[in-house]
Each structure stands twice: as C-alpha cells, then as structure tokens.
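J.: work_20.cif is reproduced in full below (mmCIF, C-alpha atoms).
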```cif
data_query
loop_
_atom_site.label_atom_id
_atom_site.label_comp_id
_atom_site.auth_asym_id
_atom_site.auth_seq_id
_atom_site.Cartn_x
_atom_site.Cartn_y
_atom_site.Cartn_z
CA MET A 13 170.08 200.37 13.49
CA ALA A 14 171.47 199.32 10.15
CA ARG A 15 169.46 197.09 7.93
CA PRO A 16 169.11 193.62 9.39
CA PRO A 17 171.86 191.44 7.97
CA LEU A 18 170.92 189.13 5.13
CA ALA A 19 172.66 185.94 6.20
CA GLU A 20 173.23 183.17 3.70
CA ALA A 21 171.12 180.95 5.96
CA ALA A 22 168.22 183.36 5.39
CA ILE A 23 168.24 182.94 1.62
CA VAL A 24 166.25 180.23 -0.14
CA ILE A 25 166.32 180.02 -3.93
CA GLY A 26 163.72 178.50 -6.22
CA ALA A 27 161.56 177.03 -3.46
CA GLU A 28 158.24 175.31 -4.06
CA ALA A 29 155.24 176.54 -2.10
CA GLU A 30 151.76 175.17 -2.68
CA ASP A 31 149.99 178.30 -1.46
CA TRP A 32 150.66 181.69 0.16
CA ARG A 33 150.74 180.25 3.66
CA ALA A 34 153.44 177.80 2.63
CA ALA A 35 155.37 180.66 1.02
CA VAL A 36 155.24 182.71 4.23
CA ARG A 37 156.26 179.64 6.24
CA LEU A 38 159.38 179.29 4.07
CA ALA A 39 160.33 182.86 5.00
CA GLY A 40 159.58 182.08 8.64
CA ARG A 41 161.83 179.04 8.52
CA ALA A 42 164.62 181.07 6.91
CA LEU A 43 164.36 183.60 9.76
CA VAL A 44 164.63 180.70 12.23
CA GLU A 45 167.63 179.26 10.36
CA SER A 46 169.42 182.60 10.54
CA GLY A 47 168.67 183.01 14.24
CA ALA A 48 166.30 185.99 13.91
CA ALA A 49 163.06 184.35 15.03
CA ARG A 50 161.44 181.42 16.77
CA ALA A 51 159.24 178.99 14.86
CA GLY A 52 156.05 180.73 15.98
CA TYR A 53 156.91 183.89 14.07
CA ALA A 54 155.69 182.30 10.83
CA ASP A 55 152.24 181.87 12.39
CA GLU A 56 152.25 185.52 13.43
CA MET A 57 153.13 186.64 9.91
CA ILE A 58 150.32 184.46 8.53
CA ARG A 59 147.89 185.84 11.12
CA MET A 60 148.67 189.41 10.01
CA ILE A 61 147.58 188.52 6.48
CA GLU A 62 144.53 186.57 7.63
CA GLU A 63 143.50 189.52 9.77
CA HIS A 64 144.24 192.40 7.39
CA GLY A 65 144.29 190.85 3.93
CA PRO A 66 147.10 190.58 1.39
CA TYR A 67 148.23 194.22 1.74
CA VAL A 68 151.77 192.99 2.42
CA VAL A 69 152.07 192.26 -1.31
CA ILE A 70 153.43 195.79 -1.60
CA ALA A 71 154.75 195.67 -5.17
CA PRO A 72 154.17 193.49 -8.24
CA GLY A 73 155.57 190.05 -7.46
CA LEU A 74 156.83 190.93 -3.98
CA VAL A 75 155.48 190.23 -0.51
CA LEU A 76 156.96 191.79 2.63
CA ALA A 77 155.86 189.28 5.26
CA HIS A 78 156.22 190.54 8.81
CA ALA A 79 154.53 190.71 12.18
CA ARG A 80 154.96 193.00 15.15
CA PRO A 81 157.94 192.82 17.48
CA GLY A 82 157.40 190.30 20.27
CA PRO A 83 158.76 187.25 22.05
CA GLU A 84 158.96 185.28 18.80
CA VAL A 85 161.61 187.71 17.49
CA LEU A 86 165.17 187.00 18.63
CA ALA A 87 167.07 189.57 16.54
CA ASP A 88 166.52 191.99 13.69
CA GLY A 89 166.60 189.94 10.56
CA LEU A 90 165.67 189.70 6.94
CA ALA A 91 165.01 186.62 4.82
CA VAL A 92 164.66 186.30 1.04
CA VAL A 93 162.82 183.35 -0.52
CA THR A 94 162.37 183.08 -4.27
CA LEU A 95 159.64 180.80 -5.57
CA ALA A 96 159.99 178.40 -8.48
CA THR A 97 156.26 178.74 -9.15
CA PRO A 98 154.59 182.08 -8.43
CA VAL A 99 151.95 182.04 -5.69
CA PHE A 100 148.70 184.03 -5.46
CA PHE A 101 147.94 185.99 -2.30
CA GLY A 102 144.65 187.43 -3.54
CA HIS A 103 146.04 190.95 -3.97
CA PRO A 104 144.07 193.22 -6.32
CA TYR A 105 147.11 194.48 -8.29
CA ASN A 106 150.37 192.80 -7.37
CA ASP A 107 149.81 189.04 -7.71
CA PRO A 108 151.37 186.59 -8.38
CA VAL A 109 154.28 186.66 -5.94
CA ARG A 110 157.73 185.37 -6.88
CA VAL A 111 159.81 186.92 -4.11
CA VAL A 112 159.00 186.60 -0.41
CA LEU A 113 160.78 188.90 2.03
CA GLY A 114 160.51 188.00 5.70
CA LEU A 115 161.20 190.82 8.15
CA ALA A 116 161.70 190.47 11.90
CA THR A 117 162.28 193.53 14.06
CA MET A 118 163.00 193.77 17.77
CA SER A 119 161.42 197.19 18.19
CA SER A 120 158.95 199.21 16.19
CA ASN A 121 160.81 202.46 16.80
CA ASP A 122 164.28 201.91 15.42
CA HIS A 123 163.52 199.99 12.26
CA LEU A 124 162.94 202.89 9.92
CA GLU A 125 166.55 203.21 8.89
CA SER A 126 166.56 199.58 7.84
CA ILE A 127 163.30 200.07 5.98
CA ALA A 128 164.81 203.08 4.19
CA ASP A 129 167.58 200.80 3.07
CA LEU A 130 165.08 198.27 1.75
CA ALA A 131 163.32 201.06 -0.11
CA ASN A 132 166.66 201.97 -1.72
CA VAL A 133 166.98 198.45 -3.09
CA PHE A 134 163.42 198.11 -4.37
CA ASN A 135 162.86 201.63 -5.67
CA ASP A 136 165.00 200.24 -8.48
CA SER A 137 162.19 198.65 -10.47
CA SER A 138 164.37 195.82 -11.80
CA ALA A 139 165.26 194.47 -8.33
CA ILE A 140 162.25 192.15 -8.00
CA ALA A 141 162.77 190.50 -11.40
CA ASP A 142 166.51 190.23 -10.71
CA LEU A 143 165.86 188.51 -7.38
CA ALA A 144 163.30 186.14 -8.91
CA ALA A 145 165.90 185.15 -11.52
CA ALA A 146 168.83 184.84 -9.12
CA THR A 147 170.46 181.40 -9.03
CA SER A 148 172.74 181.74 -5.99
CA ALA A 149 172.68 183.21 -2.50
CA ALA A 150 175.63 185.42 -3.42
CA GLU A 151 173.65 186.89 -6.29
CA VAL A 152 170.73 187.63 -3.96
CA GLN A 153 173.09 189.31 -1.50
CA ARG A 154 174.56 191.41 -4.29
CA ILE A 155 171.11 192.56 -5.48
CA MET A 156 170.15 193.35 -1.90
CA GLY A 157 173.25 195.51 -1.62
CA GLU A 158 175.09 193.31 0.86
CA ALA A 159 178.83 193.54 0.92
CA VAL A 160 179.77 190.01 -0.06
CA MET B 8 150.84 219.40 6.81
CA LYS B 9 150.47 215.97 8.33
CA ILE B 10 150.49 212.71 6.39
CA VAL B 11 149.95 209.31 7.98
CA ALA B 12 150.88 205.97 6.38
CA ILE B 13 148.70 203.15 7.70
CA CYS B 14 149.25 199.39 7.64
CA GLY B 15 148.37 196.41 9.77
CA ALA B 16 151.50 196.26 11.91
CA GLY B 17 152.81 199.81 11.63
CA ILE B 18 156.22 198.33 10.83
CA GLY B 19 157.16 197.22 7.36
CA SER B 20 154.72 198.46 4.79
CA SER B 21 153.79 201.77 6.39
CA GLY B 22 157.49 202.37 7.01
CA ILE B 23 158.23 202.00 3.31
CA LEU B 24 155.32 204.31 2.46
CA LYS B 25 156.66 206.88 4.94
CA ILE B 26 160.17 206.76 3.52
CA ASN B 27 159.05 207.00 -0.08
CA ALA B 28 156.46 209.71 0.65
CA GLU B 29 159.20 211.78 2.32
CA ARG B 30 161.43 211.32 -0.72
CA VAL B 31 158.66 212.36 -3.10
CA LEU B 32 157.66 215.39 -1.02
CA LYS B 33 161.26 216.53 -0.86
CA ARG B 34 161.51 216.26 -4.63
CA LEU B 35 158.29 218.25 -4.96
CA GLY B 36 159.67 220.84 -2.57
CA LEU B 37 156.89 220.28 -0.02
CA GLU B 38 157.14 220.22 3.76
CA ALA B 39 155.17 217.60 5.62
CA ASP B 40 155.30 215.52 8.75
CA VAL B 41 154.93 211.88 7.67
CA THR B 42 154.16 209.25 10.31
CA ALA B 43 153.96 205.46 10.02
CA ALA B 44 151.11 203.98 12.04
CA HIS B 45 148.91 200.93 12.28
CA LEU B 46 145.14 200.59 12.35
CA GLY B 47 145.08 200.34 16.13
CA SER B 48 146.67 203.76 16.56
CA LEU B 49 144.79 205.36 13.69
CA ALA B 50 142.39 207.34 15.87
CA THR B 51 145.18 209.16 17.69
CA ASP B 52 147.79 209.31 14.93
CA ALA B 53 145.53 210.35 12.09
CA ALA B 54 143.10 212.62 13.92
CA ASP B 55 144.62 215.78 12.43
CA ALA B 56 146.12 214.29 9.25
CA GLN B 57 145.43 215.87 5.88
CA ILE B 58 146.38 212.77 3.94
CA ILE B 59 146.29 209.05 4.74
CA LEU B 60 148.42 206.73 2.58
CA THR B 61 147.41 203.09 2.64
CA SER B 62 146.46 199.90 0.77
CA ALA B 63 143.03 199.13 -0.65
CA GLU B 64 142.50 196.58 2.16
CA PHE B 65 142.40 199.26 4.85
CA VAL B 66 140.06 201.79 3.27
CA ASP B 67 136.93 200.36 4.91
CA ALA B 68 138.63 200.01 8.29
CA ILE B 69 139.83 203.61 8.16
CA GLY B 70 136.22 204.63 7.63
CA LYS B 71 135.01 208.20 7.82
CA THR B 72 137.77 210.78 7.94
CA PHE B 73 138.41 214.37 6.97
CA ALA B 74 141.71 213.34 5.42
CA ASP B 75 142.21 212.48 1.76
CA VAL B 76 142.73 208.72 1.62
CA ILE B 77 145.26 207.76 -1.06
CA VAL B 78 145.36 204.08 -2.05
CA VAL B 79 148.85 203.02 -3.10
CA GLU B 80 149.23 200.00 -5.39
CA ASN B 81 153.03 199.64 -5.70
CA TYR B 82 154.78 200.90 -2.57
CA PHE B 83 158.12 201.17 -4.37
CA ASP B 84 156.85 203.11 -7.36
CA THR B 85 157.74 206.69 -6.48
CA GLU B 86 156.18 207.88 -9.75
CA GLU B 87 152.80 206.53 -8.67
CA LEU B 88 153.26 208.16 -5.27
CA THR B 89 154.29 211.46 -6.87
CA ARG B 90 151.25 211.46 -9.16
CA LYS B 91 148.80 210.68 -6.36
CA LEU B 92 150.31 213.10 -3.84
CA GLU B 93 150.39 215.88 -6.43
CA ALA B 94 146.75 215.23 -7.28
CA ALA B 95 145.75 215.33 -3.60
CA LEU B 96 147.78 218.44 -2.81
CA GLY B 97 147.11 220.29 -6.02
#
```
Could you render the structure as structure tokens?

T.:
Amino acid sequence: MARPPLAEAAIVIGAEAEDWRAAVRLAGRALVESGAARAGYADEMIRMIEEHGPYVVIAPGLVLAHARPGPEVLADGLAVVTLATPVFFGHPYNDPVRVVLGLATMSSNDHLESIADLANVFNDSSAIADLAAATSAAEVQRIMGEAV
Amino acid sequence: MKIVAICGAGIGSSGILKINAERVLKRLGLEADVTAAHLGSLATDAADAQIILTSAEFVDAIGKTFADVIVVENYFDTEELTRKLEAALG
C-alpha cells in the first residue's frame, strides 16, 4: 500500500479549535470529507487519547490522531489540519500542537509502508513548522510530498 | 536482538518508531528484529524483547520487564533515537 492519498478535501488550514478534542474532531471531519471515514471515527480517535493519554503527540507541535481499523474506516486516508491557535494535549514534552494529522487505515498489517513515507516527510525537522505556516492546500500537499 | 515498539493502537505511532529505529540501527550497523505492537499484545510480542521503545504514558502499563524500556520524546528525531539506542546497547 502506498501512503494514503492526501486529498484537498482532507486539508484544513488555520482552523480554530477550543481544545484538543475539538482539534481531533476537525481531523475526523476532514477524513469524512475525503471519504476515508465515517463520522464515528473522530470519537474513536478521541477515545484512544482518553484511554492512553496524549502519547499521539509524537513530535513537538504535531499530533498523529488515529484509531484502530474498524467499521468506521472506509478507506486508507490521511488528513492535515493546521490550527490558528495552538492547542494543549497535556503532553510532557511536545505541547502545544499546531498541526493535527488524522490517519485512517483499513488494516493494521499493510500500513507500514505508508507510515515509512510519513516518517520520510517528518524526519525533516522543518516539516512541522512549514505545515503550520502553510497558507494553501497546495502548499500542504507539496510539504507532504504529494505530486500536485 | 529483538526490539518492540509499543503504542496504544499498534498502528501509527509504534509504526513510526519501528521505521525510525530500523533506520537508526542500520546506520549503526546493528542487526535487530523490530516489531510494532500495542499494549494488548505486549505480553506475547515483548516476552523475549531486549528493548522496548515507547512513550512516557505507557511505562507504567508495561510494568515489570526484563527489557530495557526506552522512552522516546520526539518520534521523528532520529538523533534522539540514535543516542538512546546506543546508550542501551552500549
């Protein structure tokens, strides 16, 4: 499997979120808009954080919101939401969050290639700041390495 | 050598840890079998692991283990991962 496509419908720039749950919901909605998930997937992503804590804030300023594969996932998909005002997840090192990635995967076995691709983008330490500063969906797609 | 990356879902975050750990180990010239797993499968997946890579949130849940537990702060910082893996293996 290649990395899930980053559709324009799955990109939201400069959104306002009053708290971390609202920020995750924005990513959930973007996954719904792009056809990757049903509305309930946002609740599942939130439940993962309620259950296990804010570990999904995996780098300074970045959260990788995701839940397990299941009936709420319709297709592999990725969403990118940038926040106008950074939001705190309660992470010990990586708060506040400016970029929310939403990840939906159909199967837990064949996603590693797509994850490797994500690692390629974000192992470049400037990627998070570049995304946070992006002003158009095309710019986000370019940073994420999409052929636009 | 066996290394297990643990997260809540066994999908996104542990996958990134697995990928980046493999990259770092390759650079260090070390051979290891790196697996991504979630807390629910920890008992079976990590039973014979030498190293567990994870976030601070999971240290208590992982509990008592013979493995070295490495807490990773920035999953994309391969320098941090290199430093911590070298310290654990050295």

J.: Leaving out stretch 53-64 of chain B and any residue of its chain fewer than 2 positions from it, which residues lie within 9 Å of it when counting all atoms listed in the file, given as a PyMOL selection string?

T.: (chain A and resi 64-68+70+104) or (chain B and resi 8-14+20-21+24-25+28+42+44+48-51+66-68+72-80+92+95-96)

J.: For the file shown, what are the residues hit by the PyMOL selection byres ((chain A) within 6 of (chain B)), laid out as a list in words?

T.: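 Going through the file, the PyMOL selection byres ((chain A) within 6 of (chain B)) ends up selecting Ile70, Ala71, Arg80, Ala128 and Asn135 of chain A.
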
J.: To one decimal place in Å, what is the distance between atom CA of A:Ala79 and atom CA of A:Tyr105?

T.: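 So the two atoms, atom CA of A:Ala79 and atom CA of A:Tyr105, lie 22.1 Å apart.
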
J.: Could you work out an axis-aligned box for stretch 52-59 of chain B, taking every atom the file lists and adding 5 Å on each side, and report centre and edge lengths in Å to one decimal, as AutoDock Vina command-line options?

T.:
```
--center_x 145.4 --center_y 212.5 --center_z 9.4 --size_x 14.7 --size_y 16.8 --size_z 21.0
```

J.: Starting from the displayed file, determine the output of the PyMOL selection byres ((chain A and resi 140-145) around 9) and express the residue list as a count of residues only.

T.: 24

J.: Please provide as a PyMOL selection string all residues within 10 Å of A:Ala49, with the sequence filter that same-chain residues fewer than 5 positions apart are discarded (counting only C-alpha atoms).

T.: chain A and resi 40-44+54+82-89+115-118

J.: Work out how far atom CA of B:Gly97 is from atom CA of B:Ala39, in Å to one decimal.

T.: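 That distance, rounded to one decimal, is 14.4 Å.
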
J.: Give me, please, the distance in Å between atom CA of B:Gly70 and atom CA of A:Ser119, quoted to one decimal.

T.: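 Separation of atom CA of B:Gly70 and atom CA of A:Ser119: 28.3 Å.
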
J.: I need the output of the PyMOL selection byres ((chain A and resi 58) around 10) for this file as a compact mmCIF listing (two decimals) with C-alpha atoms, in the frame of the given file; which residues are they?

T.:
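Contents of part-v6.txt, as written:
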```
# COMPACT_ATOMS: atom_id res chain seq x y z
CA TRP A 32 150.66 181.69 0.16
CA ARG A 33 150.74 180.25 3.66
CA ALA A 34 153.44 177.80 2.63
CA ALA A 35 155.37 180.66 1.02
CA VAL A 36 155.24 182.71 4.23
CA ARG A 37 156.26 179.64 6.24
CA GLY A 40 159.58 182.08 8.64
CA TYR A 53 156.91 183.89 14.07
CA ALA A 54 155.69 182.30 10.83
CA ASP A 55 152.24 181.87 12.39
CA GLU A 56 152.25 185.52 13.43
CA MET A 57 153.13 186.64 9.91
CA ARG A 59 147.89 185.84 11.12
CA MET A 60 148.67 189.41 10.01
CA ILE A 61 147.58 188.52 6.48
CA GLU A 62 144.53 186.57 7.63
CA GLU A 63 143.50 189.52 9.77
CA GLY A 65 144.29 190.85 3.93
CA PRO A 66 147.10 190.58 1.39
CA ALA A 77 155.86 189.28 5.26
CA HIS A 78 156.22 190.54 8.81
CA ALA A 79 154.53 190.71 12.18
```

J.: When you count all atoms listed in the file, which of these residues is closest to A:Asp31: A:Val69, A:Ala149, A:Ala91, A:Val109?

T.: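 Residue with the minimum atom-to-atom distance to A:Asp31: A:Val109.
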